[in-house]
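Asker: What follows is coords-v1.cif, made up of mmCIF, C-alpha atoms:
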data_data
loop_
_atom_site.group_PDB
_atom_site.id
_atom_site.type_symbol
_atom_site.label_atom_id
_atom_site.label_comp_id
_atom_site.auth_asym_id
_atom_site.auth_seq_id
_atom_site.Cartn_x
_atom_site.Cartn_y
_atom_site.Cartn_z
ATOM 1 C CA MET M 1363 59.507 118.315 43.433
ATOM 2 C CA SER M 1364 63.078 117.056 43.912
ATOM 3 C CA THR M 1365 65.670 116.863 41.153
ATOM 4 C CA ILE M 1366 65.664 113.076 41.353
ATOM 5 C CA THR M 1367 61.905 112.852 40.879
ATOM 6 C CA THR M 1368 61.928 115.423 38.074
ATOM 7 C CA LEU M 1369 64.658 113.668 36.093
ATOM 8 C CA THR M 1370 62.948 110.307 36.557
ATOM 9 C CA LEU M 1371 59.688 111.713 35.188
ATOM 10 C CA VAL M 1372 61.463 113.423 32.293
ATOM 11 C CA GLN M 1373 63.183 110.150 31.405
ATOM 12 C CA GLN M 1374 59.833 108.359 31.438
ATOM 13 C CA TYR M 1375 58.242 111.040 29.231
ATOM 14 C CA ILE M 1376 61.134 110.863 26.752
ATOM 15 C CA THR M 1377 60.782 107.091 26.609
ATOM 16 C CA ARG M 1378 57.000 107.158 26.283
ATOM 17 C CA TYR M 1379 56.620 109.945 23.726
ATOM 18 C CA VAL M 1380 59.936 110.775 22.057
ATOM 19 C CA LEU M 1381 61.341 107.271 21.656
ATOM 20 C CA SER M 1382 57.991 105.710 20.774
ATOM 21 C CA THR M 1383 57.378 108.363 18.095
ATOM 22 C CA ALA M 1384 60.905 107.898 16.759
ATOM 23 C CA LEU M 1385 60.351 104.145 16.625
ATOM 24 C CA ILE M 1386 57.112 104.433 14.654
ATOM 25 C CA LEU M 1387 58.357 107.024 12.171
ATOM 26 C CA GLY M 1388 61.799 105.459 11.930
ATOM 27 C CA SER M 1389 60.455 101.968 11.299
ATOM 28 C CA LEU M 1390 58.169 103.291 8.569
ATOM 29 C CA GLY M 1391 61.040 105.257 7.052
ATOM 30 C CA ASN M 1392 63.437 102.304 7.134
ATOM 31 C CA PHE M 1393 60.799 100.081 5.553
ATOM 32 C CA ILE M 1394 60.247 102.588 2.733
ATOM 33 C CA ALA M 1395 64.023 102.910 2.213
ATOM 34 C CA ILE M 1396 64.325 99.131 1.949
ATOM 35 C CA ILE M 1397 61.544 99.020 -0.663
ATOM 36 C CA VAL M 1398 62.927 101.940 -2.695
ATOM 37 C CA PHE M 1399 66.541 100.773 -2.805
ATOM 38 C CA SER M 1400 65.483 97.170 -3.483
ATOM 39 C CA GLN M 1401 63.902 98.123 -6.792
ATOM 40 C CA LYS M 1402 65.317 96.447 -9.883
ATOM 41 C CA LYS M 1403 66.940 99.630 -11.201
ATOM 42 C CA HIS M 1404 69.005 99.946 -8.006
ATOM 43 C CA ARG M 1405 70.120 96.338 -7.634
ATOM 44 C CA THR M 1406 73.108 96.815 -9.930
ATOM 45 C CA ASN M 1407 74.498 99.602 -7.743
ATOM 46 C CA SER M 1408 76.597 98.425 -4.788
ATOM 47 C CA CYS M 1409 75.798 101.508 -2.708
ATOM 48 C CA SER M 1410 72.055 100.817 -2.854
ATOM 49 C CA ILE M 1411 72.750 97.319 -1.490
ATOM 50 C CA TYR M 1412 74.615 98.814 1.453
ATOM 51 C CA LEU M 1413 71.761 101.275 1.995
ATOM 52 C CA VAL M 1414 69.249 98.418 2.104
ATOM 53 C CA ALA M 1415 71.428 96.574 4.625
ATOM 54 C CA VAL M 1416 71.889 99.680 6.794
ATOM 55 C CA SER M 1417 68.118 100.263 6.801
ATOM 56 C CA MET M 1418 67.476 96.631 7.774
ATOM 57 C CA PHE M 1419 69.995 96.744 10.618
ATOM 58 C CA GLY M 1420 68.578 100.094 11.748
ATOM 59 C CA LEU M 1421 65.038 98.698 11.703
ATOM 60 C CA LEU M 1422 66.026 95.683 13.819
ATOM 61 C CA SER M 1423 68.210 97.660 16.236
ATOM 62 C CA ALA M 1424 65.568 100.318 16.849
ATOM 63 C CA ASN M 1425 62.847 97.776 17.584
ATOM 64 C CA LEU M 1426 65.077 95.633 19.803
ATOM 65 C CA GLY M 1427 66.333 98.683 21.670
ATOM 66 C CA ILE M 1428 63.299 100.925 22.001
ATOM 67 C CA ALA M 1429 60.254 98.637 21.996
ATOM 68 C CA PRO M 1430 61.116 96.852 25.291
ATOM 69 C CA LEU M 1431 61.748 100.205 27.025
ATOM 70 C CA VAL M 1432 58.393 101.635 25.947
ATOM 71 C CA TYR M 1433 56.500 98.414 26.683
ATOM 72 C CA ALA M 1434 58.012 98.140 30.166
ATOM 73 C CA LEU M 1435 56.565 101.500 31.225
ATOM 74 C CA ASP M 1436 53.058 100.039 31.615
ATOM 75 C CA HIS M 1437 53.537 96.279 31.416
ATOM 76 C CA PHE M 1438 55.450 93.429 32.949
ATOM 77 C CA ASN M 1439 58.995 93.327 31.569
ATOM 78 C CA ALA M 1440 59.822 89.701 30.810
ATOM 79 C CA ILE M 1441 63.365 90.630 29.761
ATOM 80 C CA ASN M 1442 64.187 91.562 33.367
ATOM 81 C CA SER M 1443 62.772 88.270 34.614
ATOM 82 C CA SER M 1444 63.910 85.704 32.049
ATOM 83 C CA LEU M 1445 67.657 85.150 31.715
ATOM 84 C CA VAL M 1446 67.155 83.551 28.301
ATOM 85 C CA LEU M 1447 65.244 86.563 26.951
ATOM 86 C CA CYS M 1448 67.746 88.907 28.578
ATOM 87 C CA ARG M 1449 70.737 87.321 26.879
ATOM 88 C CA VAL M 1450 69.083 86.679 23.507
ATOM 89 C CA ARG M 1451 67.869 90.271 23.286
ATOM 90 C CA GLY M 1452 71.267 91.646 24.326
ATOM 91 C CA TYR M 1453 73.087 89.427 21.853
ATOM 92 C CA THR M 1454 70.763 90.211 18.938
ATOM 93 C CA LEU M 1455 70.813 93.950 19.646
ATOM 94 C CA GLN M 1456 74.608 93.922 19.806
ATOM 95 C CA VAL M 1457 74.893 92.049 16.496
ATOM 96 C CA THR M 1458 72.466 94.278 14.584
ATOM 97 C CA ALA M 1459 73.851 97.503 16.073
ATOM 98 C CA MET M 1460 77.454 96.635 15.224
ATOM 99 C CA CYS M 1461 76.435 95.470 11.735
ATOM 100 C CA PHE M 1462 74.706 98.842 11.283
ATOM 101 C CA ARG M 1463 77.882 100.741 12.157
ATOM 102 C CA TYR M 1464 80.315 98.650 10.170
ATOM 103 C CA THR M 1465 78.082 98.448 7.104
ATOM 104 C CA LEU M 1466 78.176 102.248 7.097
ATOM 105 C CA ILE M 1467 81.967 101.975 7.027
ATOM 106 C CA LEU M 1468 81.729 99.526 4.117
ATOM 107 C CA MET M 1469 79.512 101.993 2.281
ATOM 108 C CA CYS M 1470 82.112 104.716 2.805
ATOM 109 C CA VAL M 1471 84.832 102.407 1.447
ATOM 110 C CA ASP M 1472 82.623 101.558 -1.534
ATOM 111 C CA ARG M 1473 82.170 105.230 -2.427
ATOM 112 C CA TYR M 1474 85.887 105.887 -2.020
ATOM 113 C CA ALA M 1475 86.654 102.970 -4.344
ATOM 114 C CA LEU M 1476 84.281 104.465 -6.909
ATOM 115 C CA CYS M 1477 86.282 107.707 -6.903
ATOM 116 C CA SER M 1478 89.617 105.952 -7.391
ATOM 117 C CA SER M 1479 91.624 106.519 -10.557
ATOM 118 C CA ARG M 1480 92.649 102.846 -10.568
ATOM 119 C CA ALA M 1481 90.332 100.453 -12.419
ATOM 120 C CA ALA M 1482 91.218 97.573 -10.082
ATOM 121 C CA ILE M 1483 89.949 99.542 -7.068
ATOM 122 C CA ARG M 1484 86.833 100.766 -8.891
ATOM 123 C CA ALA M 1485 86.051 97.122 -9.648
ATOM 124 C CA LEU M 1486 85.317 96.673 -5.936
ATOM 125 C CA CYS M 1487 82.098 98.640 -6.469
ATOM 126 C CA ARG M 1488 80.160 95.581 -7.571
ATOM 127 C CA PRO M 1489 76.982 94.048 -6.119
ATOM 128 C CA GLN M 1490 78.741 90.717 -5.592
ATOM 129 C CA ILE M 1491 81.419 92.402 -3.459
ATOM 130 C CA ALA M 1492 78.724 94.229 -1.473
ATOM 131 C CA TYR M 1493 76.797 91.037 -0.716
ATOM 132 C CA ARG M 1494 79.959 89.208 0.344
ATOM 133 C CA SER M 1495 81.164 92.086 2.503
ATOM 134 C CA ILE M 1496 77.823 92.378 4.299
ATOM 135 C CA GLY M 1497 77.781 88.617 4.841
ATOM 136 C CA ILE M 1498 81.281 88.711 6.340
ATOM 137 C CA VAL M 1499 80.292 91.566 8.670
ATOM 138 C CA ILE M 1500 77.218 89.649 9.882
ATOM 139 C CA ILE M 1501 79.160 86.441 10.531
ATOM 140 C CA PHE M 1502 81.997 88.341 12.229
ATOM 141 C CA TRP M 1503 79.724 90.127 14.700
ATOM 142 C CA MET M 1504 77.628 87.034 15.340
ATOM 143 C CA ILE M 1505 80.836 85.360 16.523
ATOM 144 C CA MET M 1506 82.294 88.394 18.304
ATOM 145 C CA SER M 1507 79.074 88.982 20.286
ATOM 146 C CA ILE M 1508 78.646 85.439 21.654
ATOM 147 C CA HIS M 1509 79.886 86.594 25.072
ATOM 148 C CA PHE M 1510 76.528 88.363 25.573
ATOM 149 C CA LEU M 1511 74.869 84.941 25.547
ATOM 150 C CA ILE M 1512 77.174 83.817 28.358
ATOM 151 C CA TRP M 1513 77.788 86.693 30.758
ATOM 152 C CA GLU M 1514 74.903 89.167 30.478
ATOM 153 C CA ASN M 1515 72.939 88.759 33.685
ATOM 154 C CA ILE M 1516 69.961 89.836 35.785
ATOM 155 C CA GLU M 1517 70.501 91.519 39.146
ATOM 156 C CA ASN M 1518 67.851 93.314 41.204
ATOM 157 C CA ASN M 1519 65.306 92.618 38.430
ATOM 158 C CA LEU M 1520 67.404 94.425 35.830
ATOM 159 C CA CYS M 1521 68.942 92.814 32.744
ATOM 160 C CA SER M 1522 72.351 94.392 32.248
ATOM 161 C CA LEU M 1523 76.113 93.940 32.444
ATOM 162 C CA TYR M 1524 77.734 93.694 35.880
ATOM 163 C CA GLY M 1525 81.084 93.531 37.619
ATOM 164 C CA LEU M 1526 84.399 93.115 35.824
ATOM 165 C CA TYR M 1527 82.590 91.997 32.655
ATOM 166 C CA ALA M 1528 80.754 95.340 32.526
ATOM 167 C CA GLN M 1529 84.068 97.235 32.771
ATOM 168 C CA ILE M 1530 85.650 95.146 30.030
ATOM 169 C CA ILE M 1531 82.631 95.566 27.744
ATOM 170 C CA GLY M 1532 82.651 99.279 28.474
ATOM 171 C CA PHE M 1533 86.150 99.706 27.072
ATOM 172 C CA TYR M 1534 85.328 97.220 24.299
ATOM 173 C CA SER M 1535 82.351 99.383 23.294
ATOM 174 C CA LEU M 1536 84.358 102.591 23.676
ATOM 175 C CA ILE M 1537 86.749 101.380 20.991
ATOM 176 C CA LEU M 1538 84.493 99.356 18.673
ATOM 177 C CA THR M 1539 81.238 101.315 19.021
ATOM 178 C CA GLY M 1540 82.540 104.871 19.107
ATOM 179 C CA THR M 1541 86.206 105.411 18.358
ATOM 180 C CA ILE M 1542 86.915 103.107 15.398
ATOM 181 C CA PRO M 1543 83.688 103.796 13.418
ATOM 182 C CA ILE M 1544 83.890 107.568 13.903
ATOM 183 C CA LEU M 1545 87.587 107.878 13.029
ATOM 184 C CA SER M 1546 87.225 105.481 10.095
ATOM 185 C CA MET M 1547 84.302 107.394 8.593
ATOM 186 C CA ILE M 1548 85.999 110.760 9.034
ATOM 187 C CA LEU M 1549 89.208 109.525 7.415
ATOM 188 C CA ILE M 1550 87.458 107.839 4.479
ATOM 189 C CA ASN M 1551 85.271 110.890 3.810
ATOM 190 C CA ILE M 1552 88.345 113.126 3.783
ATOM 191 C CA LEU M 1553 89.861 110.785 1.177
ATOM 192 C CA ILE M 1554 86.599 110.850 -0.822
ATOM 193 C CA LYS M 1555 86.570 114.662 -0.914
ATOM 194 C CA LYS M 1556 90.186 114.660 -2.039
ATOM 195 C CA ALA M 1557 89.419 112.113 -4.764
ATOM 196 C CA LEU M 1558 86.397 114.127 -5.942
ATOM 197 C CA ARG M 1559 88.517 117.258 -6.250
ATOM 198 C CA GLN M 1560 90.944 115.302 -8.422
ATOM 199 C CA LEU M 1561 88.067 114.028 -10.582
ATOM 200 C CA ARG M 1562 86.863 117.580 -11.268
ATOM 201 C CA THR M 1563 90.236 118.473 -12.762
ATOM 202 C CA ARG M 1564 89.932 115.754 -15.385
ATOM 203 C CA ILE M 1565 88.282 116.022 -18.783
ATOM 204 C CA GLN M 1566 84.506 115.580 -18.591
ATOM 205 C CA PRO M 1567 83.341 112.163 -19.886
ATOM 206 C CA ILE M 1568 80.685 111.544 -22.515
ATOM 207 C CA ASP M 1569 77.063 112.310 -21.608
ATOM 208 C CA ASN M 1570 76.012 108.733 -20.782
ATOM 209 C CA THR M 1571 78.941 108.201 -18.414
ATOM 210 C CA ARG M 1572 78.291 111.600 -16.855
ATOM 211 C CA GLN M 1573 74.689 110.663 -16.047
ATOM 212 C CA ILE M 1574 75.839 107.495 -14.298
ATOM 213 C CA ARG M 1575 78.421 109.499 -12.358
ATOM 214 C CA GLN M 1576 75.803 112.015 -11.248
ATOM 215 C CA ARG M 1577 73.673 109.182 -9.876
ATOM 216 C CA ASP M 1578 76.663 107.869 -7.966
ATOM 217 C CA ILE M 1579 77.399 111.351 -6.633
ATOM 218 C CA GLN M 1580 73.839 111.390 -5.246
ATOM 219 C CA PHE M 1581 74.724 108.227 -3.333
ATOM 220 C CA ILE M 1582 77.933 109.871 -2.099
ATOM 221 C CA LYS M 1583 75.909 112.807 -0.768
ATOM 222 C CA LEU M 1584 73.516 110.430 0.985
ATOM 223 C CA MET M 1585 76.427 108.586 2.539
ATOM 224 C CA MET M 1586 78.168 111.762 3.733
ATOM 225 C CA VAL M 1587 75.053 113.133 5.418
ATOM 226 C CA GLU M 1588 74.428 109.749 7.053
ATOM 227 C CA VAL M 1589 77.988 109.823 8.390
ATOM 228 C CA ILE M 1590 77.466 113.311 9.834
ATOM 229 C CA VAL M 1591 74.282 112.171 11.605
ATOM 230 C CA PHE M 1592 76.059 109.056 12.850
ATOM 231 C CA ILE M 1593 78.915 111.098 14.311
ATOM 232 C CA ILE M 1594 76.508 113.536 16.001
ATOM 233 C CA CYS M 1595 74.543 110.683 17.571
ATOM 234 C CA THR M 1596 77.573 108.599 18.535
ATOM 235 C CA ALA M 1597 80.313 111.053 19.515
ATOM 236 C CA THR M 1598 78.868 111.667 22.994
ATOM 237 C CA TYR M 1599 78.964 107.940 23.808
ATOM 238 C CA PRO M 1600 82.735 107.633 24.358
ATOM 239 C CA LEU M 1601 82.832 111.024 26.089
ATOM 240 C CA MET M 1602 80.130 110.012 28.557
ATOM 241 C CA PHE M 1603 81.754 106.651 29.142
ATOM 242 C CA LEU M 1604 85.123 108.242 29.948
ATOM 243 C CA TYR M 1605 83.510 110.821 32.232
ATOM 244 C CA THR M 1606 81.575 108.160 34.127
ATOM 245 C CA ASN M 1607 84.615 105.955 34.700
ATOM 246 C CA ILE M 1608 86.910 108.828 35.681
ATOM 247 C CA SER M 1609 84.365 110.375 38.053
ATOM 248 C CA ASN M 1610 83.619 106.999 39.660
ATOM 249 C CA SER M 1611 87.301 106.468 40.375
ATOM 250 C CA ILE M 1612 87.864 109.984 41.746
ATOM 251 C CA ILE M 1613 84.610 110.665 43.589
ATOM 252 C CA LEU M 1614 83.823 107.719 45.824
ATOM 253 C CA ASN M 1615 80.820 109.111 47.688
ATOM 254 C CA LYS M 1616 78.453 110.684 45.184
ATOM 255 C CA THR M 1617 75.174 112.142 46.351
ATOM 256 C CA ASN M 1618 71.937 110.516 45.178
ATOM 257 C CA GLU M 1619 71.139 113.671 43.242
ATOM 258 C CA ARG M 1620 74.438 113.532 41.348
ATOM 259 C CA LYS M 1621 73.969 109.833 40.631
ATOM 260 C CA GLN M 1622 70.526 110.549 39.164
ATOM 261 C CA ILE M 1623 71.875 113.378 37.013
ATOM 262 C CA GLU M 1624 74.613 111.116 35.651
ATOM 263 C CA THR M 1625 72.087 108.328 35.050
ATOM 264 C CA PHE M 1626 69.910 110.747 33.103
ATOM 265 C CA LEU M 1627 72.852 111.993 31.019
ATOM 266 C CA SER M 1628 73.861 108.382 30.320
ATOM 267 C CA PHE M 1629 70.290 107.678 29.219
ATOM 268 C CA ILE M 1630 70.396 110.598 26.765
ATOM 269 C CA THR M 1631 73.848 109.909 25.343
ATOM 270 C CA MET M 1632 74.010 106.111 25.470
ATOM 271 C CA SER M 1633 70.390 105.289 24.696
ATOM 272 C CA VAL M 1634 68.338 108.113 23.173
ATOM 273 C CA LEU M 1635 70.957 109.427 20.723
ATOM 274 C CA LEU M 1636 72.170 105.959 19.735
ATOM 275 C CA TYR M 1637 68.613 104.749 19.131
ATOM 276 C CA MET M 1638 67.742 107.935 17.227
ATOM 277 C CA ASN M 1639 70.586 107.144 14.863
ATOM 278 C CA TYR M 1640 68.782 103.999 13.699
ATOM 279 C CA ASN M 1641 65.615 105.942 12.884
ATOM 280 C CA THR M 1642 66.930 108.875 10.857
ATOM 281 C CA MET M 1643 67.868 107.213 7.552
ATOM 282 C CA PHE M 1644 64.603 108.014 5.750
ATOM 283 C CA PHE M 1645 64.697 111.673 6.798
ATOM 284 C CA VAL M 1646 68.383 111.965 5.883
ATOM 285 C CA HIS M 1647 67.667 110.564 2.423
ATOM 286 C CA SER M 1648 64.600 112.777 1.941
ATOM 287 C CA PHE M 1649 66.464 115.920 3.013
ATOM 288 C CA THR M 1650 69.544 115.171 0.907
ATOM 289 C CA SER M 1651 68.225 113.780 -2.381
ATOM 290 C CA LYS M 1652 65.482 115.156 -4.603
ATOM 291 C CA THR M 1653 65.647 111.934 -6.620
ATOM 292 C CA TYR M 1654 64.922 109.906 -3.492
ATOM 293 C CA ARG M 1655 61.943 112.135 -2.645
ATOM 294 C CA MET M 1656 60.548 111.573 -6.138
ATOM 295 C CA GLU M 1657 61.013 107.803 -5.847
ATOM 296 C CA VAL M 1658 59.235 107.757 -2.480
ATOM 297 C CA LYS M 1659 56.405 109.794 -3.990
ATOM 298 C CA GLU M 1660 56.137 107.355 -6.901
ATOM 299 C CA PHE M 1661 56.116 104.430 -4.461
ATOM 300 C CA ILE M 1662 53.309 105.960 -2.366
ATOM 301 C CA LEU M 1663 51.261 106.802 -5.483
ATOM 302 C CA LYS M 1664 51.766 103.254 -6.729
ATOM 303 C CA ILE M 1665 50.463 101.842 -3.431
ATOM 304 C CA ILE M 1666 47.452 104.167 -3.563
ATOM 305 C CA ARG M 1667 46.739 103.216 -7.178
ATOM 306 C CA LYS M 1668 46.950 99.496 -6.440
ATOM 307 C CA SER M 1669 44.713 99.923 -3.392
ATOM 308 C CA ARG M 1670 42.083 101.668 -5.504
ATOM 309 C CA GLU M 1671 42.318 98.966 -8.154
ATOM 310 C CA PHE M 1672 41.905 96.278 -5.497
ATOM 311 C CA VAL M 1673 38.868 98.011 -3.971
ATOM 312 C CA GLN M 1674 37.369 98.507 -7.403
ATOM 313 C CA SER M 1675 37.912 94.835 -8.281
ATOM 314 C CA GLN M 1676 36.163 93.815 -5.064
ATOM 315 C CA VAL M 1677 33.239 96.109 -5.811
ATOM 316 C CA ASP M 1678 32.992 94.699 -9.355
ATOM 317 C CA SER M 1679 33.078 91.146 -7.996
ATOM 318 C CA VAL M 1680 30.183 91.897 -5.627
ATOM 319 C CA ARG M 1681 28.177 93.498 -8.429
ATOM 320 C CA ASN M 1682 28.742 90.566 -10.759
ATOM 321 C CA ALA M 1683 27.749 88.121 -8.005
ATOM 322 C CA ASN M 1684 24.502 89.994 -7.498
#
Please rewrite the model in this file as structure tokens.

Answerer:
Amino acid sequence: MSTITTLTLVQQYITRYVLSTALILGSLGNFIAIIVFSQKKHRTNSCSIYLVAVSMFGLLSANLGIAPLVYALDHFNAINSSLVLCRVRGYTLQVTAMCFRYTLILMCVDRYALCSSRAAIRALCRPQIAYRSIGIVIIFWMIMSIHFLIWENIENNLCSLYGLYAQIIGFYSLILTGTIPILSMILINILIKKALRQLRTRIQPIDNTRQIRQRDIQFIKLMMVEVIVFIICTATYPLMFLYTNISNSIILNKTNERKQIETFLSFITMSVLLYMNYNTMFFVHSFTSKTYRMEVKEFILKIIRKSREFVQSQVDSVRNAN
């Protein structure tokens, strides 16, 4: 079996089994995260609002990105045949994916503001500010991504970006998808660690304030681990993009085998890892926070209890009718 055939089969297997499994588990995890952080006791915390938004954007991005790939393995792919579907899907995926990244940055800023010694900066950690900031991010990327509705195209039965527009969007994505989010998150987290070290040198507050601070520190831990996962999943994107463009300009006559290898590596770095990023939130939260694990357990037990009560009520209704 040739290298080209092997890599093509491996890519199909990854799409069919790895990505589909990630989509199912990730969607369930994002849904649970949305439910948990939407509870009344969390609504007064700005970080929980950002976490809900990140989970929503991750849920939408994963389904828009992965579901068509998996479906197209065994079925007719309408996206590659309908220009309207092609552009609408590309536009929506771009908006949700960029909102996912930049809401993570907002969450980092929110946690840094919480650690500030200045009351005016700490005042930014309010639910109203979180809602407004998320709204601004959504509107901004809805406007900034309109070009997908105009220039994304279908060639050779494949919905994608072509020609000069593809090159421009490549550099656009290199900066806005990889470089700016990664550098911003690293910088803000360095500032957060510095601020936390300064907080530890101060006199401990009263017990009630300390409990609130410990809850907020749990959110900081969640945010930091999410940032680490984001960097791991995203850092290879700009590297692969630069390699592809440099090699294309230097090596004019690539063999088919080399082209297939580069296509496979692009698939791993620019699709699999990026899509995995949208599906890891639940597992990141579960691994990082014992409190979150307990809340998920309580949520599942509550669902089970309500299901039993519903079944029992139905059984009682049937008995009374008889």

Asker: Choose the residue, out of M:Phe1649, M:Phe1672, M:Phe1603, M:Phe1502, that has the smallest atom-to-atom separation from M:Leu1627; count all atoms listed in the file.

Answerer: M:Phe1603

Asker: Between M:Ser1410, M:Asn1519, M:Ser1669, M:Ser1675, which one has atoms that come closest to M:Met1585, using only C-alpha atoms?

Answerer: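 The closest residue to M:Met1585 is M:Ser1410.
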
Asker: Compile the contact shell of M:Leu1390 as number ranges by chain: residues with an atom at most 12 Å away, counting all atoms listed in the file, same-chain residues fewer than 4 positions apart removed.

Answerer: M: 1383-1386, 1394-1397, 1417-1418, 1420-1421, 1424-1425, 1640-1645, 1658

Asker: Given all atoms listed in the file as the basis, pick out the residue of M:Asn1682, M:Gln1374, M:Ser1423, M:Thr1631 nearest to M:Gln1456.

Answerer: M:Ser1423

Asker: As a check of understanding, name the residues that the PyMOL selection byres ((chain M and resi 1495) around 12) selects in the supplied structure, as a ChimeraX atom specification.

Answerer: /M:1408,1411-1412,1415,1461,1464-1469,1471-1472,1486-1494,1496-1502

Asker: Evaluate the PyMOL selection byres ((chain M and resi 1629) around 12) against this structure - the residues, as a PyMOL selection string, please.

Answerer: chain M and resi 1369-1370+1372-1374+1376-1377+1381+1431+1598-1599+1602-1603+1622-1628+1630-1637

Asker: Counting only C-alpha atoms, figure out which residue out of M:Gln1560, M:Asn1392, M:Asn1515, M:Gln1674 gets nearest to M:Ser1479.

Answerer: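 Closest to M:Ser1479 of all the choices is M:Gln1560.
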
Asker: Quick one: everything within 10 Å of M:Val1587, counting all atoms listed in the file, minus sequence neighbours fewer than 3 positions away in the same chain. Send it as a ChimeraX atom specification.

Answerer: /M:1582-1584,1590-1593,1643,1646-1647,1649-1650

Asker: With distances taken over all atoms listed in the file, which of M:Phe1399, M:Gly1388, M:Arg1451, M:Asn1607 is nearest to M:Glu1657?

Answerer: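 Nearest candidate to M:Glu1657 out of M:Phe1399, M:Gly1388, M:Arg1451, M:Asn1607: M:Phe1399.
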
Asker: I need the residue set behind the PyMOL selection byres ((chain M and resi 1448) around 10) for this file; please write it as a VMD selection string.

Answerer: chain M and resid 1440 to 1447 1449 to 1453 1510 to 1511 1514 to 1516 1520 to 1522

Asker: May I ask which of the residues M:Ala1557, M:Ile1579, M:Met1638, M:Ile1662 is the closest one to M:Cys1595, counting only C-alpha atoms?

Answerer: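 Going through M:Ala1557, M:Ile1579, M:Met1638, M:Ile1662 one by one, the smallest distance to M:Cys1595 is for M:Met1638.
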
Asker: Taking (74.1, 87.5, 16.5) in the file's coordinates as the center, which residues reach within 6 Å of it, counting only C-alpha atoms, put as a list of chain:residue names?

Answerer: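 Checked against the point, the hits come out as M:Tyr1453, M:Thr1454, M:Val1457, M:Met1504.
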
Asker: What's the separation between atom CA of M:Ile1613 and atom CA of M:Ile1542, in Å to one decimal place?

Answerer: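 Atom-to-atom, atom CA of M:Ile1613 to atom CA of M:Ile1542, that is 29.3 Å.
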
Asker: To one decimal place, how far is atom CA of M:Phe1438 from atom CA of M:Ala1459 in Å?

Answerer: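 Rounded to one decimal, the two atoms are 25.3 Å apart.
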